[in-house]
$ cat protein_10.csv   # CSV, C-alpha atoms
chain,number,residue,atom,x,y,z
J,1,MET,CA,208.6,157.1,9.4
J,2,LYS,CA,209.2,160.3,7.4
J,3,TYR,CA,207.2,163.4,6.6
J,4,LYS,CA,207.3,165.5,3.4
J,5,LYS,CA,207.5,169.3,3.0
J,6,VAL,CA,208.0,170.1,6.7
J,7,ILE,CA,208.2,173.8,7.7
J,8,SER,CA,208.3,175.6,11.1
J,9,GLY,CA,206.1,178.1,12.7
J,10,GLU,CA,205.1,179.7,16.0
J,11,PHE,CA,202.1,178.3,17.9
J,12,VAL,CA,199.5,180.9,18.8
J,13,SER,CA,196.3,179.1,20.0
J,14,ARG,CA,194.2,176.0,19.8
J,15,PRO,CA,190.5,177.0,19.5
J,16,ASN,CA,189.4,173.3,19.6
J,17,ARG,CA,190.7,169.8,19.4
J,18,PHE,CA,191.1,169.8,15.7
J,19,ILE,CA,192.8,173.0,14.7
J,20,ALA,CA,195.5,175.4,15.8
J,21,HIS,CA,196.4,179.0,14.8
J,22,VAL,CA,200.1,179.1,13.8
J,23,ASN,CA,202.2,182.1,12.8
J,24,ILE,CA,204.2,181.1,9.7
J,25,GLN,CA,206.6,183.8,8.6
J,26,GLY,CA,204.2,186.5,9.6
J,27,ASN,CA,201.1,184.9,8.2
J,28,MET,CA,198.4,183.4,10.5
J,29,GLU,CA,197.5,179.9,9.3
J,30,VAL,CA,194.7,177.6,10.5
J,31,CYS,CA,196.4,174.2,10.8
J,32,HIS,CA,195.0,170.7,11.5
J,33,VAL,CA,196.2,169.2,14.8
J,34,LYS,CA,196.8,165.5,14.3
J,35,ASN,CA,196.1,164.7,17.9
J,36,THR,CA,192.8,165.1,19.8
J,37,ALA,CA,194.3,164.7,23.2
J,38,ARG,CA,194.6,167.8,25.4
J,39,CYS,CA,198.4,168.5,24.9
J,40,ARG,CA,198.1,171.5,27.2
J,41,GLU,CA,201.6,171.3,28.5
J,42,LEU,CA,202.9,171.2,24.9
J,43,LEU,CA,200.9,173.6,22.8
J,44,GLN,CA,201.8,176.8,24.5
J,45,PRO,CA,201.8,180.3,22.8
J,46,GLY,CA,205.2,181.2,21.4
J,47,ARG,CA,206.5,177.6,21.0
J,48,LYS,CA,208.2,176.5,17.8
J,49,VAL,CA,206.2,173.9,16.0
J,50,TYR,CA,206.7,171.9,12.8
J,51,LEU,CA,204.1,171.4,10.2
J,52,GLU,CA,203.7,169.1,7.2
J,53,GLU,CA,202.2,170.7,4.1
J,54,SER,CA,199.3,168.8,2.6
J,55,ASP,CA,199.4,167.4,-0.9
J,56,ASN,CA,195.7,168.0,-1.3
J,57,PRO,CA,195.0,171.5,-2.7
J,58,ASN,CA,191.3,171.2,-1.9
J,59,ARG,CA,191.8,170.8,1.8
J,60,LYS,CA,190.5,173.5,4.1
J,61,THR,CA,193.7,173.4,6.2
J,62,LYS,CA,197.0,173.5,4.3
J,63,TYR,CA,199.2,172.2,7.1
J,64,ASP,CA,199.2,169.4,9.7
J,65,LEU,CA,200.9,170.2,13.0
J,66,VAL,CA,203.2,167.2,13.7
J,67,ALA,CA,205.8,168.3,16.3
J,68,VAL,CA,206.6,170.9,19.0
J,69,GLU,CA,209.7,172.1,20.8
J,70,LYS,CA,209.4,171.8,24.6
J,71,GLY,CA,212.6,173.3,26.0
J,72,ASN,CA,215.4,171.1,24.7
J,73,MET,CA,213.0,168.3,23.8
J,74,LEU,CA,211.3,167.8,20.5
J,75,VAL,CA,208.0,166.1,20.8
J,76,ASN,CA,206.1,164.5,18.0
J,77,VAL,CA,202.3,165.0,18.5
J,78,ASP,CA,201.0,163.2,15.4
J,79,SER,CA,198.7,160.4,16.8
J,80,ASN,CA,199.1,158.5,13.5
J,81,ALA,CA,202.9,158.4,13.7
J,82,PRO,CA,203.3,155.7,16.5
J,83,ASN,CA,201.4,153.1,14.4
J,84,LYS,CA,203.5,153.8,11.4
J,85,ALA,CA,206.7,153.7,13.3
J,86,VAL,CA,205.8,150.4,15.0
J,87,GLN,CA,204.8,148.8,11.7
J,88,GLU,CA,208.2,149.7,10.3
J,89,TRP,CA,209.9,148.4,13.5
J,90,LEU,CA,208.0,145.1,13.4
J,91,LEU,CA,209.3,144.4,9.9
J,92,THR,CA,213.0,145.1,10.7
J,93,GLU,CA,215.3,142.2,11.3
J,94,ASN,CA,216.5,143.6,14.7
J,95,CYS,CA,213.0,144.1,16.2
J,96,PRO,CA,213.7,142.8,19.7
J,97,ILE,CA,210.4,141.0,20.2
J,98,LEU,CA,210.7,139.0,17.0
J,99,GLN,CA,214.4,138.3,16.9
J,100,GLY,CA,215.3,134.7,15.9
J,101,THR,CA,212.1,134.3,13.8
J,102,GLU,CA,212.3,133.7,10.1
J,103,THR,CA,208.8,134.4,8.8
J,104,ARG,CA,206.9,137.6,9.5
J,105,PHE,CA,203.4,138.7,8.7
J,106,VAL,CA,202.0,142.0,10.0
J,107,LYS,CA,198.4,143.0,9.6
J,108,PRO,CA,197.3,146.4,10.8
J,109,GLU,CA,193.8,147.0,12.2
J,110,CYS,CA,192.8,143.4,12.9
J,111,LYS,CA,189.4,142.6,14.3
J,112,TYR,CA,189.3,140.7,17.6
J,113,GLY,CA,186.3,140.3,19.8
J,114,ASN,CA,184.4,143.6,19.6
J,115,SER,CA,187.5,145.7,18.9
J,116,ARG,CA,190.0,146.5,16.2
J,117,ILE,CA,193.5,145.8,17.6
J,118,ASP,CA,196.3,147.8,16.0
J,119,PHE,CA,198.4,144.9,14.8
J,120,TYR,CA,198.1,141.1,14.4
J,121,VAL,CA,201.5,139.5,13.8
J,122,GLU,CA,202.4,136.0,12.8
J,123,SER,CA,206.1,135.0,13.1
J,124,ASP,CA,207.1,131.3,12.7
J,125,ASP,CA,204.7,129.6,15.2
J,126,ARG,CA,203.9,132.8,17.2
J,127,LYS,CA,200.5,134.6,16.9
J,128,ILE,CA,200.5,138.1,18.5
J,129,PHE,CA,198.1,140.9,19.0
J,130,MET,CA,199.6,144.3,19.7
J,131,GLU,CA,197.8,147.5,20.7
J,132,VAL,CA,199.8,150.8,20.3
J,133,LYS,CA,199.4,153.9,22.4
J,134,GLY,CA,201.2,157.1,21.6
J,135,VAL,CA,202.5,159.0,24.6
J,136,THR,CA,203.1,162.8,24.6
J,137,LEU,CA,202.5,163.8,28.2
J,138,GLU,CA,205.8,164.4,30.1
J,139,GLU,CA,206.7,166.0,33.4
J,140,ASP,CA,210.2,165.9,35.0
J,141,GLY,CA,211.2,163.0,32.8
J,142,VAL,CA,208.1,160.9,33.6
J,143,VAL,CA,205.8,160.1,30.8
J,144,ARG,CA,202.1,159.0,31.3
J,145,PHE,CA,199.1,157.8,29.4
J,146,PRO,CA,196.4,158.8,28.9
J,147,ASP,CA,196.2,162.6,29.2
J,148,ALA,CA,192.4,162.4,29.0
J,149,PRO,CA,190.0,159.6,29.9
J,150,SER,CA,189.7,156.9,27.3
J,151,GLU,CA,187.1,154.2,27.6
J,152,ARG,CA,188.3,152.8,24.2
J,153,ALA,CA,191.7,152.2,25.7
J,154,VAL,CA,190.2,150.2,28.6
J,155,LYS,CA,188.2,148.1,26.1
J,156,HIS,CA,191.3,147.3,24.1
J,157,VAL,CA,193.3,146.2,27.1
J,158,GLU,CA,190.4,143.9,28.2
J,159,GLU,CA,190.3,142.4,24.7
J,160,LEU,CA,194.0,141.6,24.9
J,161,VAL,CA,193.4,139.8,28.2
J,162,ALA,CA,190.8,137.6,26.4
J,163,ALA,CA,193.3,137.0,23.6
J,164,VAL,CA,195.9,135.7,26.1
J,165,GLY,CA,193.2,133.4,27.5
J,166,GLU,CA,192.8,131.9,24.0
J,167,GLY,CA,196.5,131.2,23.5
J,168,TYR,CA,197.7,134.3,21.7
J,169,GLU,CA,200.6,136.5,22.8
J,170,ALA,CA,199.5,140.1,23.5
J,171,TYR,CA,201.3,143.4,24.0
J,172,VAL,CA,200.5,146.9,24.8
J,173,MET,CA,203.1,149.1,23.3
J,174,PHE,CA,203.5,152.6,24.6
J,175,VAL,CA,205.3,154.7,22.0
J,176,VAL,CA,206.9,157.7,23.8
J,177,GLN,CA,207.0,160.3,21.1
J,178,MET,CA,210.2,161.9,22.4
J,179,LYS,CA,213.7,161.2,23.7
J,180,GLY,CA,215.3,161.7,27.1
J,181,VAL,CA,212.7,160.5,29.6
J,182,ARG,CA,213.2,158.3,32.7
J,183,TYR,CA,210.2,156.0,32.8
J,184,PHE,CA,206.6,155.4,31.9
J,185,THR,CA,203.7,155.0,34.3
J,186,PRO,CA,199.9,154.9,33.7
J,187,ASN,CA,198.1,158.2,34.5
J,188,GLU,CA,196.3,157.4,37.7
J,189,ASP,CA,195.2,161.1,38.1
J,190,THR,CA,193.4,161.2,34.8
J,191,HIS,CA,192.0,157.7,34.4
J,192,PRO,CA,192.3,155.2,37.2
J,193,GLU,CA,190.1,152.7,35.4
J,194,PHE,CA,192.6,152.4,32.6
J,195,CYS,CA,195.5,152.1,35.1
J,196,ASN,CA,193.7,149.2,36.9
J,197,ALA,CA,192.9,147.5,33.7
J,198,LEU,CA,196.6,147.7,32.6
J,199,ARG,CA,197.9,146.3,35.9
J,200,GLU,CA,195.4,143.5,35.8
J,201,ALA,CA,196.3,142.7,32.2
J,202,ALA,CA,200.0,142.5,33.1
J,203,VAL,CA,199.1,140.0,35.9
J,204,LYS,CA,197.1,137.9,33.3
J,205,GLY,CA,200.0,137.7,30.8
J,206,VAL,CA,199.7,140.8,28.6
J,207,ARG,CA,203.1,142.2,28.1
J,208,ILE,CA,203.4,146.0,28.7
J,209,LEU,CA,206.3,147.7,26.9
J,210,ALA,CA,207.4,151.3,26.4
J,211,TYR,CA,209.9,152.6,23.8
J,212,ASP,CA,211.2,156.1,23.3
J,213,CYS,CA,211.8,157.5,19.9
J,214,LEU,CA,214.3,159.4,17.9
J,215,VAL,CA,212.4,162.5,16.8
J,216,THR,CA,213.3,165.1,14.2
J,217,GLU,CA,211.1,167.8,12.7
J,218,ASP,CA,210.4,165.4,9.8
J,219,SER,CA,210.7,161.9,11.2
J,220,LEU,CA,209.9,159.5,14.0
J,221,LEU,CA,211.8,156.3,14.7
J,222,MET,CA,211.4,153.7,17.4
J,223,ASP,CA,214.6,153.6,19.5
J,224,GLU,CA,215.1,152.2,23.0
J,225,PRO,CA,213.0,150.5,25.7
J,226,ILE,CA,212.3,152.5,28.8
J,227,GLU,CA,211.3,151.4,32.2
J,228,VAL,CA,207.6,150.7,32.8
J,229,ARG,CA,206.3,151.3,36.4
J,230,LEU,CA,202.8,150.0,36.8
J,231,ILE,CA,202.7,150.4,40.6
J,232,VAL,CA,203.0,154.0,41.7
J,233,SER,CA,204.3,154.5,45.2
J,234,SER,CA,205.1,157.7,47.2
J,235,ASP,CA,208.8,157.2,47.1
J,236,LEU,CA,209.2,157.2,43.3
$ encode --input "protein_10.csv" --output "structure tokens"
Amino acid sequence: MKYKKVISGEFVSRPNRFIAHVNIQGNMEVCHVKNTARCRELLQPGRKVYLEESDNPNRKTKYDLVAVEKGNMLVNVDSNAPNKAVQEWLLTENCPILQGTETRFVKPECKYGNSRIDFYVESDDRKIFMEVKGVTLEEDGVVRFPDAPSERAVKHVEELVAAVGEGYEAYVMFVVQMKGVRYFTPNEDTHPEFCNALREAAVKGVRILAYDCLVTEDSLLMDEPIEVRLIVSSDL
């Protein structure tokens, strides 16, 4: 997926979840943050950030903050981007989970049970539900989700378990919004309930995948699978 009219600036502060103060060529701008997670390790004063200019002249904020430089790593922080990237990926001929199928139907935001699951896919005789989770929390090459407790995420995983019980295929897709990481593991410190739900789901047939991304200041593209470690041990 591609952005339009991307410029750079210097991050200054984040007064609340929704806005950031960014220095753009000497002017202080109030920008919309397209991610309500904490992102504390990313949004640090002085870091270079990338912003997309809005096409809406009536908006209170002129820019959306979409990416940040963290050392040598560029991290996309747009929480809408993973779903867009996955939808494009599902429709490509070389999508690994759909290779060998001829027909392909992808429906975003499909109701199942008491939830809206990110994607429903039909491909030949396969019927698939897929929930997408964007991952921006990284430390020493290890990426984790969530970076804040998410009861909604637990509910979605439980719905996928129910879908498997009714004969559907089900996936949780962790989209790692950066390149150059070692593996993904659920964030036991932040939300053990989600970690337990994810492990139980894997036992019951939900497929847990993680893919890294090629990230530029104006694009995000699904790239390669990375290792998923659901059981955390002291020797990792």
$ residues_around --input "protein_10.csv" --residues "J:Gly205" --least-positions-apart "2" --cutoff "9 Å" --atoms "all atoms listed in the file" --output "count of residues only"
11
$ closest_residue --input "protein_10.csv" --among "J:Lys133, J:Arg182, J:Arg104, J:Lys48" --to "J:Val121" --atoms "all atoms listed in the file"
J:Arg104
$ residues_around --input "protein_10.csv" --residues "J:Pro192" --least-positions-apart "2" --cutoff "12 Å" --atoms "all atoms listed in the file" --output "short mmCIF file (atom, residue, chain, number, x, y, z; two decimals) with C-alpha atoms, in the coordinates of the input"
data_model
loop_
_atom_site.label_atom_id
_atom_site.label_comp_id
_atom_site.auth_asym_id
_atom_site.auth_seq_id
_atom_site.Cartn_x
_atom_site.Cartn_y
_atom_site.Cartn_z
CA PHE J 145 199.10 157.80 29.40
CA PRO J 146 196.40 158.80 28.90
CA ASP J 147 196.20 162.60 29.20
CA ALA J 148 192.40 162.40 29.00
CA PRO J 149 190.00 159.60 29.90
CA SER J 150 189.70 156.90 27.30
CA GLU J 151 187.10 154.20 27.60
CA ALA J 153 191.70 152.20 25.70
CA VAL J 154 190.20 150.20 28.60
CA THR J 185 203.70 155.00 34.30
CA PRO J 186 199.90 154.90 33.70
CA ASN J 187 198.10 158.20 34.50
CA GLU J 188 196.30 157.40 37.70
CA ASP J 189 195.20 161.10 38.10
CA THR J 190 193.40 161.20 34.80
CA PHE J 194 192.60 152.40 32.60
CA CYS J 195 195.50 152.10 35.10
CA ASN J 196 193.70 149.20 36.90
CA ALA J 197 192.90 147.50 33.70
CA LEU J 198 196.60 147.70 32.60
CA ARG J 199 197.90 146.30 35.90
CA LEU J 230 202.80 150.00 36.80
CA ILE J 231 202.70 150.40 40.60
CA VAL J 232 203.00 154.00 41.70
#
$ closest_residue --input "protein_10.csv" --among "J:Val181, J:Ala67, J:Cys39, J:Ala163" --to "J:Lys204" --atoms "only C-alpha atoms"
J:Ala163
$ atom_distance --input "protein_10.csv" --atom1 "atom CA of J:Arg59" --atom2 "atom CA of J:Cys31"
10.7 Å
$ residues_near_point --input "protein_10.csv" --point "(209.4, 161.1, 24.6)" --cutoff "8 Å" --atoms "all atoms listed in the file" --output "VMD selection string"
chain J and resid 75 135 to 136 138 143 176 to 181 212 to 213
$ write_last_selection --input "protein_10.csv" --atoms "C-alpha atoms" --output "mmCIF file, in the coordinates of the input"
data_model
loop_
_atom_site.group_PDB
_atom_site.id
_atom_site.type_symbol
_atom_site.label_atom_id
_atom_site.label_comp_id
_atom_site.auth_asym_id
_atom_site.auth_seq_id
_atom_site.Cartn_x
_atom_site.Cartn_y
_atom_site.Cartn_z
ATOM 1 C CA VAL J 75 208.000 166.100 20.800
ATOM 2 C CA VAL J 135 202.500 159.000 24.600
ATOM 3 C CA THR J 136 203.100 162.800 24.600
ATOM 4 C CA GLU J 138 205.800 164.400 30.100
ATOM 5 C CA VAL J 143 205.800 160.100 30.800
ATOM 6 C CA VAL J 176 206.900 157.700 23.800
ATOM 7 C CA GLN J 177 207.000 160.300 21.100
ATOM 8 C CA MET J 178 210.200 161.900 22.400
ATOM 9 C CA LYS J 179 213.700 161.200 23.700
ATOM 10 C CA GLY J 180 215.300 161.700 27.100
ATOM 11 C CA VAL J 181 212.700 160.500 29.600
ATOM 12 C CA ASP J 212 211.200 156.100 23.300
ATOM 13 C CA CYS J 213 211.800 157.500 19.900
#
$ closest_residue --input "protein_10.csv" --among "J:Tyr183, J:Phe119, J:Phe11, J:Tyr211" --to "J:Asn27" --atoms "only C-alpha atoms"
J:Phe11
$ closest_residue --input "protein_10.csv" --among "J:Gln44, J:Ser54, J:Ser219, J:Gln99" --to "J:Asn76" --atoms "only C-alpha atoms"
J:Ser219
$ atom_distance --input "protein_10.csv" --atom1 "atom CA of J:Asn72" --atom2 "atom CA of J:Glu41"
14.3 Å
